[in-house]
$ cat my_file-v3.cif   # mmCIF, C-alpha atoms
data_target
#
loop_
_atom_site.label_atom_id
_atom_site.label_comp_id
_atom_site.auth_asym_id
_atom_site.auth_seq_id
_atom_site.Cartn_x
_atom_site.Cartn_y
_atom_site.Cartn_z
CA MET A 47 99.15 96.06 62.74
CA ALA A 48 98.93 92.78 64.63
CA ARG A 49 96.21 90.33 63.68
CA VAL A 50 94.74 90.32 67.18
CA ILE A 51 93.81 93.42 69.17
CA ILE A 52 93.04 93.22 72.89
CA GLY A 53 91.02 96.28 73.86
CA MET A 54 91.03 97.17 77.55
CA ASP A 55 88.86 99.48 79.62
CA PRO A 56 90.96 99.96 82.78
CA HIS A 57 89.78 100.92 86.25
CA LYS A 58 91.47 101.00 89.64
CA ARG A 59 90.44 97.54 90.77
CA SER A 60 89.24 95.91 87.56
CA ALA A 61 89.92 95.76 83.84
CA THR A 62 87.52 94.64 81.11
CA ILE A 63 89.03 93.30 77.88
CA GLU A 64 87.77 92.18 74.49
CA ILE A 65 89.87 90.33 71.93
CA ILE A 66 89.12 90.85 68.23
CA ASN A 67 90.85 89.95 64.98
CA GLU A 68 91.47 92.14 61.94
CA ARG A 69 87.87 91.53 60.77
CA GLU A 70 86.46 92.68 64.14
CA LYS A 71 85.39 89.17 65.05
CA VAL A 72 85.25 88.72 68.81
CA LEU A 73 87.67 86.00 69.94
CA GLY A 74 87.27 86.42 73.69
CA GLN A 75 86.36 88.79 76.47
CA GLY A 76 86.25 89.03 80.23
CA ARG A 77 86.47 91.15 83.35
CA PHE A 78 89.47 90.71 85.62
CA GLY A 79 90.70 92.19 88.86
CA THR A 80 93.89 94.22 88.87
CA ASP A 81 95.33 92.23 91.77
CA ARG A 82 98.01 89.61 91.17
CA ASP A 83 95.64 86.71 90.47
CA GLY A 84 93.32 88.72 88.22
CA TYR A 85 96.18 90.21 86.26
CA THR A 86 97.77 86.78 85.79
CA ALA A 87 94.50 85.32 84.50
CA MET A 88 94.03 88.22 82.07
CA LEU A 89 97.59 87.89 80.80
CA ARG A 90 97.13 84.16 80.33
CA LEU A 91 94.00 84.73 78.23
CA GLY A 92 95.72 87.33 76.08
CA ARG A 93 98.80 85.18 75.48
CA GLN A 94 96.68 82.49 73.87
CA HIS A 95 96.99 84.64 70.73
CA GLU A 96 100.54 85.01 69.43
CA ASP A 97 100.24 87.98 67.05
CA ARG A 98 98.66 90.36 69.58
CA VAL A 99 98.68 93.99 70.63
CA TRP A 100 97.10 95.40 73.77
CA ALA A 101 95.12 98.64 73.38
CA VAL A 102 94.54 100.56 76.63
CA GLU A 103 92.33 103.64 76.81
CA GLY A 104 93.98 106.71 78.27
CA CYS A 105 97.22 105.28 79.59
CA ASN A 106 97.53 108.24 81.96
CA GLY A 107 94.54 106.90 83.85
CA GLY A 108 95.27 103.21 83.23
CA GLN A 109 99.00 103.61 83.49
CA HIS A 110 99.38 101.22 86.39
CA ILE A 111 98.23 98.22 84.38
CA ALA A 112 99.72 99.40 81.06
CA GLN A 113 103.17 99.64 82.65
CA ARG A 114 102.77 96.15 84.09
CA LEU A 115 102.00 94.78 80.64
CA VAL A 116 105.00 96.53 79.10
CA ALA A 117 107.25 95.25 81.89
CA ASP A 118 106.07 91.71 81.05
CA GLY A 119 107.13 92.14 77.43
CA GLU A 120 103.74 92.98 75.91
CA THR A 121 103.15 95.56 73.19
CA VAL A 122 100.71 98.21 74.41
CA LEU A 123 99.11 101.07 72.46
CA ASP A 124 97.64 104.17 74.06
CA VAL A 125 94.14 104.84 72.68
CA PRO A 126 92.88 108.39 73.38
CA ALA A 127 89.47 108.51 75.06
CA LYS A 128 88.12 110.77 72.30
CA LEU A 129 89.04 108.20 69.67
CA SER A 130 87.17 105.39 71.42
CA ALA A 131 84.23 107.72 72.03
CA ARG A 132 83.94 108.35 68.29
CA ALA A 133 84.00 104.61 67.67
CA ARG A 134 81.16 104.25 70.18
CA LEU A 135 78.96 106.58 68.12
CA PHE A 136 79.03 104.14 65.19
CA ASP A 137 78.63 101.04 67.32
CA THR A 138 75.40 99.03 67.32
CA SER A 139 75.05 99.56 71.07
CA GLN A 140 73.55 102.99 70.25
CA GLY A 141 76.11 104.82 72.33
CA ARG A 142 75.35 103.06 75.62
CA LYS A 143 78.42 103.18 77.84
CA THR A 144 79.29 99.88 79.50
CA ASP A 145 82.66 98.34 80.32
CA PRO A 146 82.34 95.53 77.71
CA GLY A 147 81.15 98.06 75.15
CA ASP A 148 84.02 100.40 75.95
CA ALA A 149 86.53 97.55 75.59
CA HIS A 150 85.07 96.71 72.18
CA CYS A 151 85.22 100.32 70.98
CA ILE A 152 88.80 100.67 72.23
CA ALA A 153 89.83 97.58 70.30
CA VAL A 154 88.07 98.80 67.13
CA ALA A 155 89.64 102.24 67.43
CA ALA A 156 93.11 100.71 67.80
CA LEU A 157 92.47 98.44 64.82
CA ARG A 158 91.40 101.24 62.47
CA ALA A 159 93.62 104.11 63.66
CA SER A 160 97.22 104.66 62.64
CA GLY A 161 100.06 106.33 64.47
CA LEU A 162 98.92 105.45 67.98
CA ARG A 163 101.54 105.98 70.65
CA GLN A 164 103.23 102.85 71.91
CA VAL A 165 103.61 102.74 75.68
CA VAL A 166 107.16 102.32 76.91
CA VAL A 167 108.61 101.75 80.35
CA ASP A 168 109.18 105.17 81.90
CA ASP A 169 109.72 104.91 85.63
CA VAL A 170 110.75 108.56 86.00
CA THR A 171 107.52 109.82 84.41
CA VAL A 172 105.41 107.58 86.63
CA ALA A 173 107.35 108.72 89.72
CA LEU A 174 106.81 112.36 88.74
CA GLN A 175 103.08 111.82 88.39
CA VAL A 176 102.85 110.15 91.80
CA LEU A 177 104.87 112.88 93.50
CA VAL A 178 103.09 115.81 91.86
CA ASP A 179 99.69 114.28 92.68
CA ARG A 180 100.80 114.11 96.31
CA ARG A 181 102.05 117.70 96.12
CA ASP A 182 98.67 118.86 94.80
CA GLU A 183 96.88 116.98 97.58
CA LEU A 184 99.02 118.76 100.16
CA GLY A 185 98.20 122.11 98.57
CA ARG A 186 94.47 121.41 98.71
CA ALA A 187 94.74 120.21 102.32
CA ARG A 188 96.59 123.40 103.30
CA SER A 189 93.93 125.60 101.69
CA GLU A 190 91.18 123.72 103.52
CA VAL A 191 92.89 124.03 106.92
CA LEU A 192 93.62 127.73 106.36
CA SER A 193 90.00 128.35 105.46
CA ARG A 194 88.85 126.86 108.77
CA LEU A 195 91.57 128.80 110.60
CA HIS A 196 90.42 132.09 109.10
CA GLN A 197 86.87 131.36 110.24
CA LEU A 198 88.04 130.82 113.83
CA LEU A 199 90.30 133.88 113.82
CA LEU A 200 87.34 135.94 112.71
CA GLU A 201 85.68 135.01 116.01
CA LEU A 202 88.78 135.94 118.02
CA VAL A 203 90.22 138.99 116.23
CA PRO A 204 88.07 141.92 115.02
CA GLY A 205 88.17 141.83 111.23
CA GLY A 206 90.02 138.50 111.20
CA ALA A 207 93.47 137.91 109.77
CA LYS A 208 94.99 138.91 106.44
CA GLN A 209 94.28 136.72 103.44
CA PHE A 210 97.72 135.18 102.92
CA LEU A 211 98.70 133.85 106.31
CA SER A 212 101.67 131.66 107.27
CA ALA A 213 101.82 129.44 110.33
CA PRO A 214 104.28 131.69 112.27
CA GLN A 215 102.17 134.76 111.51
CA ALA A 216 99.01 133.01 112.65
CA ARG A 217 100.74 131.86 115.84
CA ALA A 218 101.95 135.39 116.62
CA LEU A 219 98.45 136.76 116.06
CA LEU A 220 96.88 134.10 118.25
CA ASN A 221 99.30 134.88 121.09
CA THR A 222 97.83 138.37 121.30
CA VAL A 223 94.39 136.97 122.12
CA ARG A 224 93.43 135.91 125.67
CA PRO A 225 89.69 135.19 125.71
CA ARG A 226 88.02 134.52 129.05
CA ASP A 227 84.66 133.16 127.92
CA ILE A 228 84.22 129.49 127.08
CA VAL A 229 83.46 130.16 123.40
CA GLY A 230 86.60 132.22 122.97
CA ARG A 231 88.80 129.70 124.77
CA THR A 232 87.40 126.87 122.65
CA CYS A 233 87.98 128.79 119.42
CA ARG A 234 91.52 129.64 120.51
CA GLN A 235 92.28 125.99 121.27
CA LEU A 236 90.96 124.82 117.90
CA ALA A 237 92.85 127.60 116.10
CA SER A 238 96.07 126.54 117.81
CA GLU A 239 95.56 122.97 116.61
CA LEU A 240 94.91 124.17 113.05
CA ILE A 241 98.08 126.28 113.10
CA THR A 242 100.03 123.17 114.08
CA GLU A 243 98.42 121.29 111.17
CA VAL A 244 99.43 124.07 108.77
CA ALA A 245 103.03 123.92 110.02
CA VAL A 246 103.12 120.14 109.49
CA ILE A 247 101.67 120.45 105.98
CA ASP A 248 104.16 123.21 105.13
CA LYS A 249 107.00 120.91 106.13
CA LYS A 250 105.62 118.12 103.94
CA ILE A 251 105.22 120.55 101.03
CA LYS A 252 108.83 121.64 101.39
CA THR A 253 109.98 118.01 101.35
CA ALA A 254 107.81 117.25 98.32
CA ASN A 255 109.21 120.26 96.43
CA THR A 256 112.76 119.11 97.17
CA GLN A 257 112.00 115.61 95.88
CA LEU A 258 110.37 117.02 92.74
CA THR A 259 113.30 119.35 92.07
CA GLU A 260 115.82 116.52 92.37
CA LEU A 261 113.79 114.20 90.14
CA ILE A 262 113.25 116.92 87.53
CA ALA A 263 116.98 117.67 87.52
CA SER A 264 117.69 114.00 86.79
CA THR A 265 115.64 114.27 83.58
CA GLY A 266 117.72 117.19 82.28
CA SER A 267 114.62 119.40 81.96
CA THR A 268 115.05 123.18 81.98
CA LEU A 269 111.36 124.00 82.41
CA GLN A 270 111.94 125.59 85.81
CA GLN A 271 114.09 128.24 84.16
CA LEU A 272 110.92 129.64 82.57
CA ASN A 273 109.28 132.44 84.53
CA GLY A 274 106.20 131.12 86.32
CA ILE A 275 107.00 127.41 86.41
CA GLY A 276 108.02 125.87 89.72
CA PRO A 277 108.72 122.27 90.75
CA SER A 278 105.04 121.31 90.82
CA GLY A 279 104.30 122.84 87.39
CA ALA A 280 107.39 121.32 85.76
CA ALA A 281 106.60 117.90 87.23
CA ARG A 282 103.00 118.12 86.01
CA LEU A 283 104.17 118.99 82.49
CA LEU A 284 106.75 116.21 82.37
CA GLY A 285 104.51 113.63 84.01
CA ASP A 286 101.33 114.22 81.99
CA ILE A 287 102.97 114.97 78.64
CA GLY A 288 105.66 112.32 78.69
CA ASP A 289 107.23 112.39 75.23
CA VAL A 290 106.50 115.81 73.74
CA GLY A 291 107.46 114.45 70.33
CA ARG A 292 104.05 112.78 70.10
CA PHE A 293 102.64 116.21 69.19
CA ALA A 294 103.17 117.00 65.52
CA SER A 295 103.41 120.74 66.13
CA ARG A 296 102.93 123.41 68.76
CA ASP A 297 99.40 123.95 67.42
CA HIS A 298 98.49 120.33 68.18
CA PHE A 299 100.00 120.75 71.63
CA ALA A 300 97.89 123.89 72.21
CA SER A 301 94.78 122.02 71.08
CA TRP A 302 95.58 119.22 73.52
CA ASN A 303 96.03 121.56 76.49
CA GLY A 304 92.99 123.71 75.66
CA THR A 305 94.73 127.03 74.94
CA ALA A 306 93.98 127.03 71.20
CA PRO A 307 90.79 129.03 70.52
CA ILE A 308 88.07 127.53 68.35
CA ASP A 309 87.34 129.14 64.99
CA ALA A 310 83.82 130.66 65.15
CA SER A 311 83.82 132.44 61.77
CA SER A 312 80.56 132.33 59.85
CA GLY A 313 79.31 134.12 56.75
CA ASP A 314 80.57 137.69 56.64
CA HIS A 315 82.04 137.41 60.12
CA HIS A 316 85.64 136.35 59.68
CA CYS A 317 88.53 135.87 62.11
CA ARG A 318 86.24 135.18 65.04
CA HIS A 319 87.32 132.74 67.73
CA ARG A 320 85.84 131.52 70.98
CA LEU A 321 87.21 129.88 74.08
CA SER A 322 87.93 126.17 73.93
CA ARG A 323 86.81 124.34 77.03
CA ALA A 324 88.31 121.09 75.82
CA GLY A 325 91.82 119.89 76.44
CA THR A 326 93.74 118.63 79.44
CA ARG A 327 92.69 120.91 82.28
CA ARG A 328 95.63 120.09 84.55
CA ILE A 329 98.12 121.31 81.95
CA ASN A 330 95.86 124.29 81.21
CA ARG A 331 96.02 125.15 84.92
CA VAL A 332 99.83 125.07 84.86
CA LEU A 333 99.84 127.50 81.92
CA HIS A 334 97.28 129.72 83.69
CA ILE A 335 99.45 129.93 86.80
CA MET A 336 102.45 130.68 84.61
CA ALA A 337 100.52 133.53 82.96
CA ILE A 338 99.39 135.00 86.29
CA VAL A 339 102.95 134.93 87.66
CA GLN A 340 104.25 136.73 84.57
CA LEU A 341 101.51 139.35 84.84
CA ARG A 342 102.46 140.06 88.47
CA ASN A 343 106.10 140.71 87.58
CA ASP A 344 107.93 142.92 85.13
CA THR A 345 108.27 140.33 82.35
CA GLU A 346 107.93 140.28 78.61
CA GLY A 347 104.74 138.33 79.17
CA ARG A 348 103.23 141.37 80.89
CA THR A 349 104.44 143.58 78.03
CA TYR A 350 102.75 141.24 75.55
CA TYR A 351 99.56 141.32 77.66
CA ARG A 352 99.52 145.13 77.61
CA ARG A 353 99.97 145.17 73.85
CA LYS A 354 96.87 143.00 73.53
CA LEU A 355 94.93 145.39 75.76
CA ALA A 356 96.06 148.32 73.61
CA ALA A 357 94.86 146.41 70.54
CA GLY A 358 91.33 146.41 71.92
CA LYS A 359 91.13 143.04 73.64
CA SER A 360 89.46 142.64 77.00
CA PRO A 361 91.59 141.58 80.00
CA MET A 362 90.23 138.05 79.77
CA GLU A 363 90.91 137.83 76.03
CA ALA A 364 94.42 139.19 76.54
CA THR A 365 95.08 136.57 79.23
CA ARG A 366 93.89 133.82 76.91
CA ALA A 367 96.21 135.12 74.19
CA LEU A 368 99.10 135.10 76.65
CA LYS A 369 98.35 131.51 77.67
CA ARG A 370 98.36 130.52 73.99
CA ARG A 371 101.78 132.10 73.54
CA LEU A 372 103.10 130.48 76.72
CA SER A 373 101.95 127.12 75.37
CA ASN A 374 104.32 127.69 72.44
CA VAL A 375 107.15 128.57 74.83
CA VAL A 376 106.66 125.43 76.90
CA TYR A 377 106.40 123.23 73.82
CA GLN A 378 109.58 124.64 72.30
CA ARG A 379 111.47 124.32 75.58
CA MET A 380 110.50 120.66 75.92
CA ILE A 381 111.47 120.02 72.28
CA ASN A 382 114.85 121.63 72.93
CA ASP A 383 115.36 119.57 76.07
CA ALA A 384 114.53 116.38 74.17
CA GLN A 385 116.97 117.27 71.39
CA HIS A 386 119.66 118.10 73.94
CA ALA A 387 119.10 114.73 75.64
CA GLU A 388 119.56 112.97 72.28
CA THR A 389 122.64 114.88 71.13
CA GLY A 390 124.35 115.14 74.52
CA PRO A 391 125.92 118.16 76.22
CA GLY A 392 127.51 119.30 72.98
CA GLY A 393 124.25 119.20 71.04
CA HIS A 394 122.26 122.13 69.72
CA MET A 395 119.90 123.51 72.37
CA GLY A 396 117.74 125.61 70.08
CA ALA A 397 116.04 128.37 72.08
CA THR A 398 117.99 130.45 74.56
CA LEU A 399 117.49 130.11 78.28
CA GLN A 400 115.80 133.50 78.29
CA SER A 401 112.93 132.45 76.03
CA SER A 402 109.82 134.34 77.08
CA ALA A 403 106.24 134.81 76.06
CA ALA A 404 106.87 137.75 73.77
CA SER A 405 110.23 136.75 72.36
CA SER A 406 110.86 135.45 68.87
CA ILE A 407 111.57 131.99 70.28
CA PRO A 408 109.42 130.16 69.43
CA THR A 409 108.15 132.06 66.41
CA ALA A 410 104.41 132.59 66.26
CA SER A 411 102.29 134.52 63.81
CA THR A 412 99.39 135.10 66.20
CA SER A 413 98.13 133.82 69.50
CA ASP A 414 94.63 133.72 68.04
CA LYS A 415 95.44 130.76 65.82
CA PRO A 416 92.59 128.24 66.12
CA LEU A 417 92.72 124.48 66.35
CA PRO A 418 95.22 122.79 64.01
CA GLY A 419 94.42 120.56 61.11
CA PRO A 420 95.28 116.86 60.88
CA ALA A 421 98.85 115.98 61.79
CA THR A 422 101.09 115.29 58.82
CA THR A 423 103.99 113.96 60.83
CA HIS A 424 104.20 111.14 63.33
CA SER A 425 105.61 111.19 66.82
CA LYS A 426 109.14 110.27 67.79
CA THR A 427 107.88 107.52 70.07
CA PRO A 428 107.66 104.00 68.66
CA THR A 429 104.44 103.45 66.72
CA LEU A 430 102.96 100.54 64.85
CA ALA A 431 102.00 101.24 61.25
CA ALA A 432 98.56 100.29 60.06
CA SER A 433 98.24 97.45 57.62
#
$ encode --input "my_file-v3.cif" --output "structure tokens"
Amino acid sequence: MARVIIGMDPHKRSATIEIINEREKVLGQGRFGTDRDGYTAMLRLGRQHEDRVWAVEGCNGGQHIAQRLVADGETVLDVPAKLSARARLFDTSQGRKTDPGDAHCIAVAALRASGLRQVVVDDVTVALQVLVDRRDELGRARSEVLSRLHQLLLELVPGGAKQFLSAPQARALLNTVRPRDIVGRTCRQLASELITEVAVIDKKIKTANTQLTELIASTGSTLQQLNGIGPSGAARLLGDIGDVGRFASRDHFASWNGTAPIDASSGDHHCRHRLSRAGTRRINRVLHIMAIVQLRNDTEGRTYYRRKLAAGKSPMEATRALKRRLSNVVYQRMINDAQHAETGPGGHMGATLQSSAASSIPTASTSDKPLPGPATTHSKTPTLAAS
């Protein structure tokens, strides 16, 4: 580990740093803007110390500034938010959360922890995150406009329109209505405008899906070949996960995405588990959508779900078990893709393209397996060993 650690608490328009040595002595600190002048001043302060490492909390959230540091030749470590939160519990600030205090705890966590992931330049991953965030925004905007449209159609058409409504269907339905009163004419005008908005959003969504598909194809990922994962889901997995090799096993991956149940055994009550509400919720949502799609179609995932129901599980418990198994499938597929990228087209792909939730690829003893123990292996990404 370097002799100087620069802990950073990043925000959109500002970043607070604290510089400490290997004995946790504070060598400098400050708050800087993330604009060109603020970033230059922060970099100048950090470069006063030769043997240095930057530690940034949650590089998914502070990725914009972490990538700038890496591009300028700096060594940057990704400090998980949970790790810095644990350091805050033992700090003399009594757990008070301030930007300078967070920067100090981030630096201490980076100093004492081993095997932290080193941030590397990854333009494709950043581009995927930007595009999939935009795709999600379009989806939310479409749902909002459709909700307002349904409310207006309820005033114009007895019983309203069906739940899943496309722009052409809404237009055809509206053409059958010719109100004569002022309220009806006003509602019809507003509904027509909303239908136009839906059509525009649909066009943007189609363009965004095309861009995502092309960018995903450039990475060599085969995630979209899995039943229930589309361009948005694959982009979210690739963008938020980055290098899947940073997870020591599929159990650690399941713990990270929140599909691994928590062991709740006590006394004479063994093999009891409860739902984990921790983990990355965006990835958990992708796995949930994947599970719902498999349940709606004749897939091995639905067969697995029915076996769980026959074993006495409730529908909700069976769905959770399916999501846990799908987490294994996604993890193994990403591992296979990474190995294929390293070995080239003639390399060993591992799982077949027909890997499914209930298949033997990847192998799994039970979907009820709780949170994993400490990792015994390190990630494939570059890491800095502790002194």
$ atom_distance --input "my_file-v3.cif" --atom1 "CA of Gly84 (chain A)" --atom2 "CA of Arg98 (chain A)"
19.5 Å
$ atom_distance --input "my_file-v3.cif" --atom1 "CA of Ala173 (chain A)" --atom2 "CA of Glu260 (chain A)"
11.8 Å
$ resolve_selection --input "my_file-v3.cif" --expression "the PyMOL selection byres ((chain A and resi 53-63) around 6)" --output "ChimeraX atom specification"
/A:52,64,75-80,101-102,108,149,152-153
$ closest_residue --input "my_file-v3.cif" --among "A:Leu200, A:Asp248, A:Lys359, A:Thr349" --to "Val223 (chain A)" --atoms "only C-alpha atoms"
A:Leu200
$ resolve_selection --input "my_file-v3.cif" --expression "the PyMOL selection byres ((chain A and resi 334) around 12)" --output "PyMOL selection string"
chain A and resi 274-275+279+303-305+327-333+335-341+362+365-373
$ residues_near_point --input "my_file-v3.cif" --point "(107.1, 122.4, 90.7)" --cutoff "9 Å" --atoms "only C-alpha atoms" --output "JSON, numbers by chain"
{"A": [178, 181, 255, 258, 259, 262, 270, 275, 276, 277, 278, 279, 280, 281, 282]}
